[in-house]
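Chemist: CSV, C-alpha atoms and all ligand atoms, saved as upload30.csv, coming up:
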chain,number,residue,atom,x,y,z
J,1211,MET,CA,27.4,-53.4,-96.0
J,1212,ASP,CA,24.5,-53.7,-93.6
J,1213,ALA,CA,24.7,-55.5,-90.3
J,1214,ARG,CA,22.5,-58.4,-91.4
J,1215,ARG,CA,24.6,-59.2,-94.4
J,1216,ALA,CA,27.8,-59.0,-92.4
J,1217,TRP,CA,26.2,-61.4,-89.8
J,1218,GLN,CA,25.2,-63.7,-92.6
J,1219,GLN,CA,28.7,-63.7,-94.1
J,1220,TRP,CA,30.2,-64.3,-90.7
J,1221,THR,CA,27.9,-67.3,-89.9
J,1222,ASP,CA,28.6,-68.7,-93.4
J,1223,TRP,CA,32.3,-68.5,-92.7
J,1224,VAL,CA,31.9,-70.2,-89.3
J,1225,LEU,CA,29.9,-73.0,-90.8
J,1226,THR,CA,32.2,-73.6,-93.7
J,1227,THR,CA,35.6,-73.2,-92.1
J,1228,ASP,CA,37.5,-76.2,-90.9
J,1229,PRO,CA,37.0,-76.4,-87.1
J,1230,ALA,CA,40.8,-76.6,-86.5
J,1231,GLN,CA,41.3,-73.4,-88.5
J,1232,ARG,CA,38.5,-71.8,-86.5
J,1233,LEU,CA,40.2,-72.8,-83.2
J,1234,ARG,CA,43.5,-71.3,-84.4
J,1235,LEU,CA,41.8,-68.0,-85.3
J,1236,SER,CA,39.9,-68.0,-81.9
J,1237,MET,CA,43.2,-68.5,-80.0
J,1238,ALA,CA,44.9,-65.8,-82.1
J,1239,GLY,CA,41.9,-63.6,-81.4
J,1240,LEU,CA,42.1,-64.2,-77.6
J,1241,ALA,CA,45.9,-63.4,-77.8
J,1242,ALA,CA,45.1,-60.2,-79.7
J,1243,LEU,CA,42.5,-59.2,-77.0
J,1244,LEU,CA,45.2,-59.8,-74.3
J,1245,MET,CA,47.7,-57.6,-76.3
J,1246,VAL,CA,45.1,-54.9,-76.8
J,1247,ALA,CA,44.3,-54.9,-73.0
J,1248,CYS,CA,48.0,-54.7,-72.4
J,1249,MET,CA,48.3,-51.7,-74.8
J,1250,LEU,CA,45.4,-50.0,-73.1
J,1251,VAL,CA,47.1,-50.4,-69.7
J,1252,MET,CA,50.4,-49.1,-71.0
J,1253,ASN,CA,48.8,-46.1,-72.7
J,1254,GLY,CA,46.8,-45.4,-69.6
J,1255,VAL,CA,50.1,-45.4,-67.6
J,1256,ALA,CA,51.6,-43.0,-70.2
J,1257,TRP,CA,48.6,-40.7,-70.1
J,1258,ALA,CA,48.6,-40.7,-66.3
J,1259,GLY,CA,52.1,-39.2,-66.7
J,1260,LEU,CA,53.9,-42.2,-65.0
J,1261,THR,CA,56.1,-42.7,-68.1
J,1262,ALA,CA,57.0,-41.1,-71.4
J,1263,ARG,CA,54.3,-41.3,-74.1
J,1264,THR,CA,56.5,-41.7,-77.3
J,1265,PRO,CA,58.1,-45.0,-76.3
J,1266,VAL,CA,54.7,-46.4,-75.3
J,1267,LEU,CA,53.2,-45.3,-78.7
J,1268,VAL,CA,56.1,-46.9,-80.7
J,1269,TRP,CA,55.7,-50.0,-78.6
J,1270,SER,CA,52.0,-50.1,-79.3
J,1271,VAL,CA,52.6,-49.8,-83.0
J,1272,LEU,CA,55.1,-52.7,-82.9
J,1273,CYS,CA,52.6,-54.9,-80.9
J,1274,SER,CA,49.8,-54.2,-83.3
J,1275,THR,CA,52.0,-55.0,-86.3
J,1276,GLY,CA,52.8,-58.4,-84.8
J,1277,LEU,CA,49.1,-59.0,-84.2
J,1278,VAL,CA,48.2,-58.2,-87.8
J,1279,VAL,CA,51.0,-60.3,-89.2
J,1280,VAL,CA,49.9,-63.4,-87.1
J,1281,TYR,CA,46.2,-62.9,-88.0
J,1282,VAL,CA,47.0,-62.6,-91.8
J,1283,ALA,CA,49.3,-65.6,-91.7
J,1284,ILE,CA,46.6,-67.8,-90.1
J,1285,ARG,CA,43.6,-66.4,-91.9
J,1286,SER,CA,45.2,-66.6,-95.4
J,1287,GLY,CA,46.1,-70.3,-94.7
J,1288,TRP,CA,49.8,-69.5,-95.1
J,1289,SER,CA,50.5,-70.8,-91.6
J,1290,GLN,CA,49.3,-74.3,-92.6
J,1291,ARG,CA,52.7,-74.8,-94.3
J,1292,CYS,CA,54.3,-74.7,-90.8
J,1293,ALA,CA,54.6,-77.7,-88.4
J,1294,ASP,CA,52.3,-75.8,-86.0
J,1295,PRO,CA,49.7,-73.8,-88.1
J,1296,SER,CA,48.6,-72.0,-84.9
J,1297,LEU,CA,52.1,-70.4,-84.8
J,1298,THR,CA,52.0,-70.8,-81.0
J,1299,LEU,CA,55.8,-70.6,-80.5
J,1300,PRO,CA,56.4,-67.4,-82.7
J,1301,GLN,CA,53.3,-65.8,-81.0
J,1302,ILE,CA,54.7,-66.6,-77.5
J,1303,VAL,CA,58.2,-65.4,-78.4
J,1304,TYR,CA,56.9,-62.2,-79.8
J,1305,ALA,CA,54.5,-61.5,-77.0
J,1306,MET,CA,57.2,-62.2,-74.4
J,1307,ALA,CA,59.6,-59.8,-76.2
J,1308,CYS,CA,56.9,-57.1,-76.2
J,1309,ASN,CA,56.2,-57.8,-72.5
J,1310,ALA,CA,59.9,-57.5,-71.6
J,1311,VAL,CA,60.2,-54.2,-73.5
J,1312,ALA,CA,57.0,-53.0,-71.7
J,1313,TYR,CA,58.8,-53.8,-68.5
J,1314,THR,CA,61.6,-51.4,-69.4
J,1315,ILE,CA,59.3,-48.5,-70.5
J,1316,ALA,CA,56.5,-48.7,-68.0
J,1317,GLY,CA,58.3,-46.7,-65.4
J,1318,PRO,CA,57.1,-47.2,-61.8
J,1319,ALA,CA,54.1,-49.2,-63.1
J,1320,ARG,CA,56.3,-52.0,-64.6
J,1321,GLY,CA,54.9,-54.5,-62.1
J,1322,VAL,CA,51.7,-54.7,-64.2
J,1323,THR,CA,53.6,-56.6,-66.9
J,1324,LEU,CA,54.2,-59.6,-64.7
J,1325,PRO,CA,50.6,-61.0,-64.6
J,1326,ILE,CA,50.5,-60.6,-68.3
J,1327,LEU,CA,53.6,-62.8,-68.6
J,1328,ALA,CA,51.7,-65.5,-66.7
J,1329,VAL,CA,48.8,-65.3,-69.1
J,1330,ILE,CA,51.2,-65.4,-72.2
J,1331,LEU,CA,52.7,-68.7,-70.8
J,1332,MET,CA,49.2,-70.2,-70.4
J,1333,PHE,CA,48.9,-70.1,-74.2
J,1334,GLY,CA,51.9,-72.4,-74.4
J,1335,ILE,CA,50.4,-75.0,-72.1
J,1336,PHE,CA,48.3,-76.7,-74.8
J,1337,GLY,CA,50.3,-75.7,-77.9
J,1338,LEU,CA,54.0,-76.3,-77.0
J,1339,SER,CA,56.0,-79.4,-76.5
J,1340,THR,CA,58.0,-79.9,-73.3
J,1341,ARG,CA,61.2,-79.1,-75.3
J,1342,GLN,CA,59.8,-76.0,-76.7
J,1343,MET,CA,58.6,-74.9,-73.3
J,1344,LEU,CA,62.1,-75.4,-71.9
J,1345,GLY,CA,63.4,-73.2,-74.7
J,1346,VAL,CA,60.8,-70.6,-73.8
J,1347,LEU,CA,61.9,-70.8,-70.2
J,1348,VAL,CA,65.5,-70.0,-71.1
J,1349,TYR,CA,64.4,-67.3,-73.6
J,1350,GLY,CA,62.2,-65.7,-70.9
J,1351,LEU,CA,65.0,-65.7,-68.4
J,1352,VAL,CA,67.3,-64.0,-70.9
J,1353,ALA,CA,64.7,-61.5,-72.1
J,1354,PHE,CA,63.5,-60.5,-68.6
J,1355,GLY,CA,67.1,-60.7,-67.2
J,1356,THR,CA,68.0,-58.1,-69.9
J,1357,ALA,CA,65.0,-56.0,-69.1
J,1358,LEU,CA,65.8,-56.0,-65.4
J,1359,GLY,CA,69.4,-55.1,-66.3
J,1360,VAL,CA,68.3,-52.2,-68.5
J,1361,VAL,CA,66.0,-50.8,-65.7
J,1362,ALA,CA,68.9,-51.1,-63.2
J,1363,TRP,CA,71.4,-49.6,-65.5
J,1364,ARG,CA,69.2,-46.6,-66.4
J,1365,HIS,CA,68.2,-45.9,-62.8
J,1366,GLU,CA,64.6,-45.6,-63.8
J,1367,ALA,CA,62.2,-43.5,-61.8
J,1368,GLY,CA,60.9,-45.6,-58.9
J,1369,HIS,CA,63.9,-48.0,-59.2
J,1370,GLU,CA,64.2,-49.7,-55.9
J,1371,PRO,CA,66.7,-52.6,-55.6
J,1372,ALA,CA,64.4,-54.5,-53.2
J,1373,LEU,CA,61.4,-54.1,-55.6
J,1374,GLU,CA,63.5,-55.2,-58.6
J,1375,ILE,CA,64.7,-58.3,-56.7
J,1376,ALA,CA,61.0,-59.0,-55.9
J,1377,HIS,CA,60.1,-58.6,-59.6
J,1378,ALA,CA,63.0,-60.9,-60.6
J,1379,ALA,CA,61.8,-63.5,-58.2
J,1380,MET,CA,58.3,-63.2,-59.5
J,1381,ILE,CA,59.5,-63.6,-63.1
J,1382,VAL,CA,61.4,-66.7,-62.2
J,1383,VAL,CA,58.4,-68.2,-60.3
J,1384,VAL,CA,56.0,-67.4,-63.2
J,1385,LEU,CA,58.4,-68.9,-65.8
J,1386,LEU,CA,59.2,-72.0,-63.8
J,1387,SER,CA,55.5,-72.7,-63.0
J,1388,GLY,CA,54.5,-72.2,-66.6
J,1389,THR,CA,57.1,-74.8,-67.7
J,1390,PHE,CA,56.1,-77.2,-64.9
J,1391,LEU,CA,52.4,-77.0,-65.9
J,1392,THR,CA,53.3,-77.5,-69.5
J,1393,THR,CA,55.3,-80.6,-68.9
J,1394,ARG,CA,52.5,-82.0,-66.7
J,1395,VAL,CA,49.8,-81.3,-69.3
J,1396,GLN,CA,52.0,-82.8,-72.0
J,1397,ALA,CA,52.6,-86.0,-70.0
J,1398,THR,CA,48.8,-86.3,-69.5
J,1399,ARG,CA,48.1,-85.7,-73.2
J,1400,GLN,CA,50.7,-88.3,-74.2
J,1401,HIS,CA,49.1,-90.8,-71.7
J,1402,LEU,CA,45.7,-90.1,-73.2
J,1403,ARG,CA,47.0,-90.4,-76.8
J,1404,ARG,CA,48.5,-93.8,-75.9
J,1405,GLN,CA,45.3,-95.0,-74.2
J,1406,LYS,CA,43.3,-93.8,-77.3
J,1407,HIS,CA,45.6,-95.8,-79.5
J,1408,GLU,CA,45.3,-98.9,-77.4
J,1409,LEU,CA,41.5,-98.6,-77.3
J,1410,THR,CA,41.4,-98.2,-81.1
J,1411,LEU,CA,43.5,-101.4,-81.5
J,1412,ALA,CA,41.3,-103.2,-79.0
J,1413,LEU,CA,38.2,-102.1,-80.8
J,1414,GLU,CA,39.7,-103.3,-84.1
J,1415,GLN,CA,40.4,-106.7,-82.6
J,1416,ILE,CA,36.9,-107.0,-81.1
J,1417,LEU,CA,35.5,-106.1,-84.5
J,1418,ARG,CA,37.7,-108.7,-86.2
J,1419,LEU,CA,36.8,-111.4,-83.6
J,1420,ALA,CA,33.1,-110.6,-84.1
J,1421,THR,CA,33.1,-110.7,-87.9
J,1422,ARG,CA,35.9,-113.0,-88.9
J,1423,ASP,CA,36.6,-116.7,-88.7
J,1424,ALA,CA,39.8,-117.2,-86.7
J,1425,LEU,CA,41.2,-120.1,-88.8
J,1426,THR,CA,40.7,-118.8,-92.3
J,1427,GLY,CA,40.4,-115.0,-91.7
J,1428,LEU,CA,37.2,-115.0,-93.9
J,1429,PHE,CA,33.9,-113.5,-92.7
J,1430,ASN,CA,32.1,-115.7,-90.2
J,1431,ARG,CA,28.5,-116.9,-90.6
J,1432,ARG,CA,26.9,-114.2,-88.4
J,1433,HIS,CA,28.5,-111.4,-90.3
J,1434,MET,CA,27.8,-113.0,-93.7
J,1435,LEU,CA,24.1,-113.3,-92.7
J,1436,GLU,CA,24.1,-109.5,-91.9
J,1437,LEU,CA,25.8,-108.7,-95.2
J,1438,LEU,CA,23.3,-110.9,-97.1
J,1439,GLU,CA,20.3,-109.2,-95.4
J,1440,ARG,CA,21.7,-105.8,-96.3
J,1441,GLU,CA,22.7,-106.7,-99.8
J,1442,LEU,CA,19.5,-108.7,-100.7
J,1443,GLY,CA,17.3,-106.2,-99.0
J,1444,ARG,CA,18.3,-103.4,-101.3
J,1445,THR,CA,15.8,-102.7,-104.0
J,1446,ALA,CA,17.1,-101.8,-107.4
J,1447,ARG,CA,15.6,-101.0,-110.8
J,1448,PRO,CA,16.1,-103.1,-112.9
J,1449,PRO,CA,16.6,-105.8,-110.3
J,1450,ARG,CA,20.2,-106.9,-109.8
J,1451,SER,CA,21.3,-110.4,-110.6
J,1452,ILE,CA,22.6,-111.9,-107.4
J,1453,VAL,CA,23.9,-115.5,-107.1
J,1454,LEU,CA,24.6,-117.3,-103.8
J,1455,ALA,CA,26.8,-120.4,-103.8
J,1456,GLN,CA,27.4,-123.0,-101.2
J,1457,LEU,CA,30.9,-124.6,-101.4
J,1458,ASP,CA,31.7,-127.9,-99.6
J,1459,ILE,CA,35.1,-129.6,-99.6
J,1460,ASP,CA,34.7,-133.2,-100.7
J,1461,HIS,CA,35.6,-136.0,-98.3
J,1462,PHE,CA,37.1,-133.7,-95.9
J,1463,LYS,CA,36.7,-136.2,-93.0
J,1464,ALA,CA,39.1,-138.4,-94.9
J,1465,ILE,CA,41.8,-135.6,-94.9
J,1466,ASN,CA,41.5,-135.3,-91.1
J,1467,ASP,CA,41.5,-139.1,-90.7
J,1468,GLN,CA,44.5,-139.7,-92.9
J,1469,HIS,CA,46.7,-136.6,-92.3
J,1470,GLY,CA,45.5,-135.4,-88.9
J,1471,HIS,CA,43.5,-132.4,-87.8
J,1472,ALA,CA,46.4,-129.9,-88.3
J,1473,ALA,CA,46.6,-130.9,-92.0
J,1474,GLY,CA,42.8,-130.5,-92.2
J,1475,ASP,CA,43.2,-127.0,-90.8
J,1476,LYS,CA,45.9,-126.2,-93.3
J,1477,ALA,CA,43.7,-127.5,-96.1
J,1478,LEU,CA,40.9,-125.2,-94.9
J,1479,GLN,CA,43.3,-122.2,-95.0
J,1480,THR,CA,44.6,-123.2,-98.4
J,1481,PHE,CA,41.0,-123.6,-99.7
J,1482,ALA,CA,40.1,-120.1,-98.4
J,1483,ASP,CA,43.2,-118.5,-100.1
J,1484,VAL,CA,42.6,-120.3,-103.4
J,1485,VAL,CA,39.0,-119.4,-103.6
J,1486,SER,CA,39.6,-115.8,-102.5
J,1487,ALA,CA,42.2,-115.5,-105.2
J,1488,SER,CA,39.9,-116.9,-107.9
J,1489,VAL,CA,36.9,-114.6,-107.3
J,1490,ARG,CA,36.5,-110.8,-107.9
J,1491,GLN,CA,37.1,-108.1,-105.3
J,1492,SER,CA,33.4,-107.4,-105.1
J,1493,ASP,CA,32.5,-111.1,-104.4
J,1494,VAL,CA,32.2,-112.0,-100.7
J,1495,LEU,CA,33.4,-115.4,-99.3
J,1496,ALA,CA,32.5,-116.6,-95.8
J,1497,ARG,CA,33.1,-119.7,-93.8
J,1498,TRP,CA,29.7,-121.0,-93.0
J,1499,GLY,CA,30.9,-123.7,-90.6
J,1500,GLY,CA,33.2,-126.8,-90.7
J,1501,GLU,CA,34.3,-127.4,-94.3
J,1502,GLU,CA,31.3,-125.4,-95.8
J,1503,PHE,CA,31.6,-122.0,-97.3
J,1504,VAL,CA,29.2,-119.4,-98.8
J,1505,LEU,CA,30.0,-117.1,-101.8
J,1506,LEU,CA,28.0,-114.1,-102.6
J,1507,LEU,CA,28.2,-112.9,-106.3
J,1508,CYS,CA,26.6,-109.5,-106.8
J,1509,ASP,CA,25.6,-108.2,-110.2
J,1510,THR,CA,26.4,-111.5,-111.8
J,1511,PRO,CA,24.2,-113.1,-114.5
J,1512,LEU,CA,23.8,-116.8,-114.2
J,1513,GLY,CA,26.1,-117.6,-117.2
J,1514,GLU,CA,28.9,-115.5,-115.8
J,1515,ALA,CA,28.4,-117.0,-112.3
J,1516,GLN,CA,28.7,-120.5,-113.8
J,1517,GLN,CA,32.1,-119.6,-115.5
J,1518,LEU,CA,33.4,-118.1,-112.3
J,1519,LEU,CA,32.4,-121.1,-110.1
J,1520,GLU,CA,33.9,-123.5,-112.6
J,1521,ARG,CA,37.1,-121.5,-112.4
J,1522,VAL,CA,37.0,-121.8,-108.6
J,1523,ARG,CA,36.4,-125.6,-108.8
J,1524,THR,CA,39.3,-126.0,-111.2
J,1525,ALA,CA,41.6,-123.8,-109.1
J,1526,VAL,CA,40.8,-125.8,-105.9
J,1527,ALA,CA,41.5,-129.1,-107.6
J,1528,GLN,CA,44.8,-127.9,-109.0
J,1529,ALA,CA,46.1,-125.9,-106.2
J,1530,ALA,CA,45.4,-128.1,-103.2
J,1531,PRO,CA,48.1,-130.7,-103.6
J,1532,ARG,CA,50.8,-128.0,-104.0
J,1533,ASP,CA,49.7,-125.7,-101.2
J,1534,ALA,CA,48.2,-128.0,-98.5
J,1535,GLY,CA,51.2,-130.3,-98.0
J,1536,ASP,CA,52.4,-133.6,-99.3
J,1537,GLY,CA,49.6,-136.0,-100.4
J,1538,VAL,CA,46.7,-133.7,-99.2
J,1539,ALA,CA,44.6,-133.3,-102.3
J,1540,PHE,CA,41.0,-132.3,-102.3
J,1541,THR,CA,38.2,-131.1,-104.6
J,1542,VAL,CA,35.1,-129.0,-104.0
J,1543,SER,CA,31.4,-129.4,-104.8
J,1544,ILE,CA,29.4,-126.2,-105.5
J,1545,GLY,CA,25.7,-125.6,-105.5
J,1546,ALA,CA,24.4,-122.1,-106.5
J,1547,ALA,CA,21.1,-120.3,-106.8
J,1548,VAL,CA,20.0,-117.0,-108.3
J,1549,HIS,CA,18.3,-114.8,-105.7
J,1550,THR,CA,14.7,-113.9,-106.5
J,1551,PRO,CA,13.9,-110.2,-105.7
J,1552,GLY,CA,12.0,-110.1,-102.3
J,1553,GLU,CA,13.2,-113.7,-101.4
J,1554,ALA,CA,14.7,-114.2,-97.9
J,1555,ALA,CA,18.4,-115.0,-97.9
J,1556,GLU,CA,17.7,-118.3,-96.0
J,1557,ARG,CA,15.4,-119.4,-98.9
J,1558,THR,CA,18.0,-118.7,-101.6
J,1559,LEU,CA,20.6,-120.5,-99.4
J,1560,GLU,CA,18.3,-123.5,-99.1
J,1561,ARG,CA,18.0,-123.7,-102.8
J,1562,ALA,CA,21.8,-123.4,-103.2
J,1563,ASP,CA,22.2,-126.1,-100.6
J,1564,ARG,CA,19.9,-128.4,-102.6
J,1565,ALA,CA,22.0,-127.8,-105.6
J,1566,LEU,CA,25.1,-128.7,-103.5
J,1567,TYR,CA,23.4,-132.0,-102.6
J,1568,ALA,CA,22.8,-132.6,-106.2
J,1569,ALA,CA,26.5,-132.0,-107.0
J,1570,LYS,CA,27.6,-134.4,-104.2
J,1571,ALA,CA,25.1,-137.0,-105.4
J,1572,ALA,CA,26.3,-136.7,-109.0
J,1573,GLY,CA,29.9,-137.7,-108.0
J,1574,ARG,CA,31.3,-134.5,-106.3
J,1575,ASN,CA,34.0,-132.1,-107.8
J,1576,ARG,CA,31.3,-130.3,-109.8
J,1577,VAL,CA,29.1,-127.2,-110.0
J,1578,VAL,CA,25.3,-127.4,-110.0
J,1579,LEU,CA,23.2,-124.3,-110.7
J,1580,CYS,CA,19.7,-123.8,-109.5
J,1581,PRO,CA,18.5,-121.1,-111.9
J,1582,GLY,CA,15.4,-118.9,-111.7
J,1583,SER,CA,12.9,-118.3,-109.0
J,1584,ALA,CA,12.1,-120.4,-105.9
J,1585,ALA,CA,9.2,-122.1,-107.6
J,1586,GLU,CA,11.2,-122.8,-110.7
J,1587,SER,CA,14.1,-124.2,-108.8
J,1588,ALA,CA,12.1,-126.9,-107.1
J,1589,THR,CA,11.8,-128.6,-110.4
J,1590,THR,CA,15.3,-127.9,-111.8
J,1591,ALA,CA,17.4,-128.8,-108.7
J,1592,ALA,CA,18.5,-132.4,-108.5
J,1593,PRO,CA,17.1,-134.2,-105.5
J,1594,PRO,CA,19.4,-135.1,-102.6
J,1595,PRO,CA,21.0,-138.6,-102.6
J,1596,ALA,CA,18.9,-141.3,-101.0
Y,1,LIG,N1,40.6,-129.9,-89.3
Y,1,LIG,C1,39.4,-129.5,-89.2
Y,1,LIG,N2,38.4,-130.3,-89.5
Y,1,LIG,C2,37.1,-129.8,-89.4
Y,1,LIG,C3,36.9,-128.4,-89.0
Y,1,LIG,N3,35.6,-128.2,-88.9
Y,1,LIG,C4,35.0,-129.4,-89.3
Y,1,LIG,N4,35.9,-130.3,-89.6
Y,1,LIG,C5,35.8,-131.7,-90.0
Y,1,LIG,O1,35.2,-131.7,-91.3
Y,1,LIG,C6,34.6,-133.1,-91.5
Y,1,LIG,C7,33.4,-133.0,-92.2
Y,1,LIG,O2,33.0,-134.2,-92.6
Y,1,LIG,P1,31.6,-134.6,-93.3
Y,1,LIG,O3,30.6,-133.7,-92.9
Y,1,LIG,O4,31.4,-136.1,-93.0
Y,1,LIG,O5,31.9,-134.4,-94.8
Y,1,LIG,P2,33.0,-134.8,-95.8
Y,1,LIG,O6,33.9,-135.8,-95.2
Y,1,LIG,O7,33.6,-133.6,-96.4
Y,1,LIG,O8,32.1,-135.5,-96.9
Y,1,LIG,P3,31.3,-134.9,-98.1
Y,1,LIG,O9,30.9,-133.5,-97.6
Y,1,LIG,O10,30.1,-135.7,-98.2
Y,1,LIG,O11,32.1,-134.9,-99.3
Y,1,LIG,C8,34.4,-133.6,-90.0
Y,1,LIG,O12,35.3,-134.7,-89.9
Y,1,LIG,C9,34.8,-132.5,-89.1
Y,1,LIG,O13,35.4,-132.9,-88.0
Y,1,LIG,C10,38.0,-127.6,-88.7
Y,1,LIG,O14,37.9,-126.4,-88.3
Y,1,LIG,N5,39.3,-128.2,-88.8
Please, can you express the file's structure as structure tokens?
Ligand SMILES: Nc1nc2c(ncn2[C@@H]2O[C@H](COP(=O)(O)OP(=O)(O)OP(=O)(O)O)[C@@H](O)[C@H]2O)c(=O)[nH]1
Modeler:
Amino acid sequence: MDARRAWQQWTDWVLTTDPAQRLRLSMAGLAALLMVACMLVMNGVAWAGLTARTPVLVWSVLCSTGLVVVYVAIRSGWSQRCADPSLTLPQIVYAMACNAVAYTIAGPARGVTLPILAVILMFGIFGLSTRQMLGVLVYGLVAFGTALGVVAWRHEAGHEPALEIAHAAMIVVVLLSGTFLTTRVQATRQHLRRQKHELTLALEQILRLATRDALTGLFNRRHMLELLERELGRTARPPRSIVLAQLDIDHFKAINDQHGHAAGDKALQTFADVVSASVRQSDVLARWGGEEFVLLLCDTPLGEAQQLLERVRTAVAQAAPRDAGDGVAFTVSIGAAVHTPGEAAERTLERADRALYAAKAAGRNRVVLCPGSAAESATTAAPPPA
């Protein structure tokens, strides 16, 4: 395979692989580089005659096997079945075991393994929980305690009790600082996660306040106008049939006057619930202000809209006495207009409003449709009451 094709394949892989998986493989690659550097140092020590070559060679084979196993487990996707697909804990446990063994076979050069222990622990800072890191601390103390014991027991070349005590102290310091740093980083990450969660909730609330009516939970006028502009501004072939309806509760002032403002509020909520339950999921209902509401019916021919609005009117008349409290009954008058392609939302709403006036003038509790274009409607809509 030529270099250009290999490069192309690699860049394709980088572009198509999930970023989290790429990060896992990069981290595993970095750990592999560290192990390879460690193996080079150990083999250099052996070649320099400071220690026996065979144990170092066997150790190198074991380290390489571990690297290959981890790489295959991550690259094949197998590791994604695990709670931590980066396999941070197994990698750290294995690397520390290799490091402790290196300490016992490196002869007088065993001090070189200690900085490597510090680097291994750094990998845990972002990937391990505080509990896991405490486990690693205990495991490290046992592993390196055993390694120090083995060196002392074998009276290795260059074994100096004072030097071993210094090594032991260094190992304890490295393990304790690694654990301390991990707990600090974990606490900071937890704090950031909590803050992020709070910000998300605050943003959701701001969005709700900006787009919803506080009393009924329906969209507010401002948001409905945005929706209308977006929906009516879309061009479609053939043009879609869109109907806009204005709904106004009849004699609402009387409800407030006879039953109090709280009963009026409850009636508005009941009205919103009843109408929402009577329309389709795709229809959009908004509180326009006071006891006025606007309903957007997309992809709805006039005949179908008439049936739907009649259903809404009947549902309101039937449901109100039951849901809004004793004696609070009300009806709704509805005026609707078909949107003409290219017409501004305000114009269609004006025509729907004129139809609403006609419904009120004709005795309320009824649906009046204003079919056709703006020009046509001027003749078909009933005039407002004198
Ligand atoms: N309880 C309550 N009342 C409201 C709210 N917003 C507006 N109103 C009241 O709604 C009433 C509207 O009265 P009008 O505009 O005279 O209309 P109406 O009595 O429904 O008469 P028609 O529309 O002609 O059938 C007023 O008394 C407002 O105070 C609200 O949020 N809660």
Chemist: Ranking J:Thr1392, J:Ser1286, J:Thr1426, J:Thr1558 by minimum distance to ligand LIG 1 (chain Y) and counting only C-alpha atoms and all ligand atoms, which one comes first?
Modeler: J:Thr1426
Chemist: Counting only C-alpha atoms, which of J:Thr1550, J:Gln1290, J:Gln1396, J:Thr1226 gets nearest to J:Leu1442?
Modeler: J:Thr1550
Chemist: Figure out the distance between atom CA of J:Leu1338 and atom CA of J:Gly1287, please, to one decimal in Å.
Modeler: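 According to the coordinates, atom CA of J:Gly1287 and atom CA of J:Leu1338 are separated by 20.3 Å.
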Chemist: Output the neighbourhood of ligand LIG 1 (chain Y) as an NGL selection string, that is, all protein and nucleic acid residues with some atom at most 10 Å from the ligand, counting only C-alpha atoms and all ligand atoms.
Modeler: :J and (1423-1426 or 1457-1467 or 1469-1479 or 1497 or 1499-1502 or 1540-1543 or 1566-1567 or 1569-1571 or 1573-1575)
Chemist: Those same residues - C-alpha atoms - I'd like them written as a compact mmCIF listing (two decimals), in the coordinates of the input.
Modeler:
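File part-v4.txt, as written:
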# COMPACT_ATOMS: atom_id res chain seq x y z
CA ASP J 1423 36.60 -116.70 -88.70
CA ALA J 1424 39.80 -117.20 -86.70
CA LEU J 1425 41.20 -120.10 -88.80
CA THR J 1426 40.70 -118.80 -92.30
CA LEU J 1457 30.90 -124.60 -101.40
CA ASP J 1458 31.70 -127.90 -99.60
CA ILE J 1459 35.10 -129.60 -99.60
CA ASP J 1460 34.70 -133.20 -100.70
CA HIS J 1461 35.60 -136.00 -98.30
CA PHE J 1462 37.10 -133.70 -95.90
CA LYS J 1463 36.70 -136.20 -93.00
CA ALA J 1464 39.10 -138.40 -94.90
CA ILE J 1465 41.80 -135.60 -94.90
CA ASN J 1466 41.50 -135.30 -91.10
CA ASP J 1467 41.50 -139.10 -90.70
CA HIS J 1469 46.70 -136.60 -92.30
CA GLY J 1470 45.50 -135.40 -88.90
CA HIS J 1471 43.50 -132.40 -87.80
CA ALA J 1472 46.40 -129.90 -88.30
CA ALA J 1473 46.60 -130.90 -92.00
CA GLY J 1474 42.80 -130.50 -92.20
CA ASP J 1475 43.20 -127.00 -90.80
CA LYS J 1476 45.90 -126.20 -93.30
CA ALA J 1477 43.70 -127.50 -96.10
CA LEU J 1478 40.90 -125.20 -94.90
CA GLN J 1479 43.30 -122.20 -95.00
CA ARG J 1497 33.10 -119.70 -93.80
CA GLY J 1499 30.90 -123.70 -90.60
CA GLY J 1500 33.20 -126.80 -90.70
CA GLU J 1501 34.30 -127.40 -94.30
CA GLU J 1502 31.30 -125.40 -95.80
CA PHE J 1540 41.00 -132.30 -102.30
CA THR J 1541 38.20 -131.10 -104.60
CA VAL J 1542 35.10 -129.00 -104.00
CA SER J 1543 31.40 -129.40 -104.80
CA LEU J 1566 25.10 -128.70 -103.50
CA TYR J 1567 23.40 -132.00 -102.60
CA ALA J 1569 26.50 -132.00 -107.00
CA LYS J 1570 27.60 -134.40 -104.20
CA ALA J 1571 25.10 -137.00 -105.40
CA GLY J 1573 29.90 -137.70 -108.00
CA ARG J 1574 31.30 -134.50 -106.30
CA ASN J 1575 34.00 -132.10 -107.80
Chemist: Hey, can you check how far atom CA of J:Ile1452 sits from atom CA of J:His1549?
Modeler: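 That distance, rounded to one decimal, is 5.5 Å.
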Chemist: Just give me the residues with any atom within 10 Å of (59.7, -55.1, -59.0), file coordinates, counting only C-alpha atoms, written as number ranges by chain.
Modeler: J: 1313, 1318-1322, 1324, 1358, 1368-1381
Chemist: Tell me, in Å to one decimal, how far atom CA of J:Cys1580 is from atom CA of J:Leu1495.
Modeler: 19.0 Å
Chemist: Determine, counting all atoms listed in the file, which protein, DNA and RNA residues have an atom within 12 Å of an atom of stretch 1248-1257 of chain J; residues of the same chain fewer than 2 positions away are not included. Present the result as JSON, numbers by chain.
Modeler: {"J": [1241, 1242, 1243, 1244, 1245, 1246, 1259, 1260, 1261, 1262, 1263, 1264, 1265, 1266, 1267, 1268, 1269, 1270, 1271, 1272, 1273, 1274, 1277, 1305, 1308, 1309, 1311, 1312, 1313, 1314, 1315, 1316, 1317, 1318, 1319, 1320, 1321, 1322, 1323, 1324, 1325, 1326, 1327, 1329, 1330]}
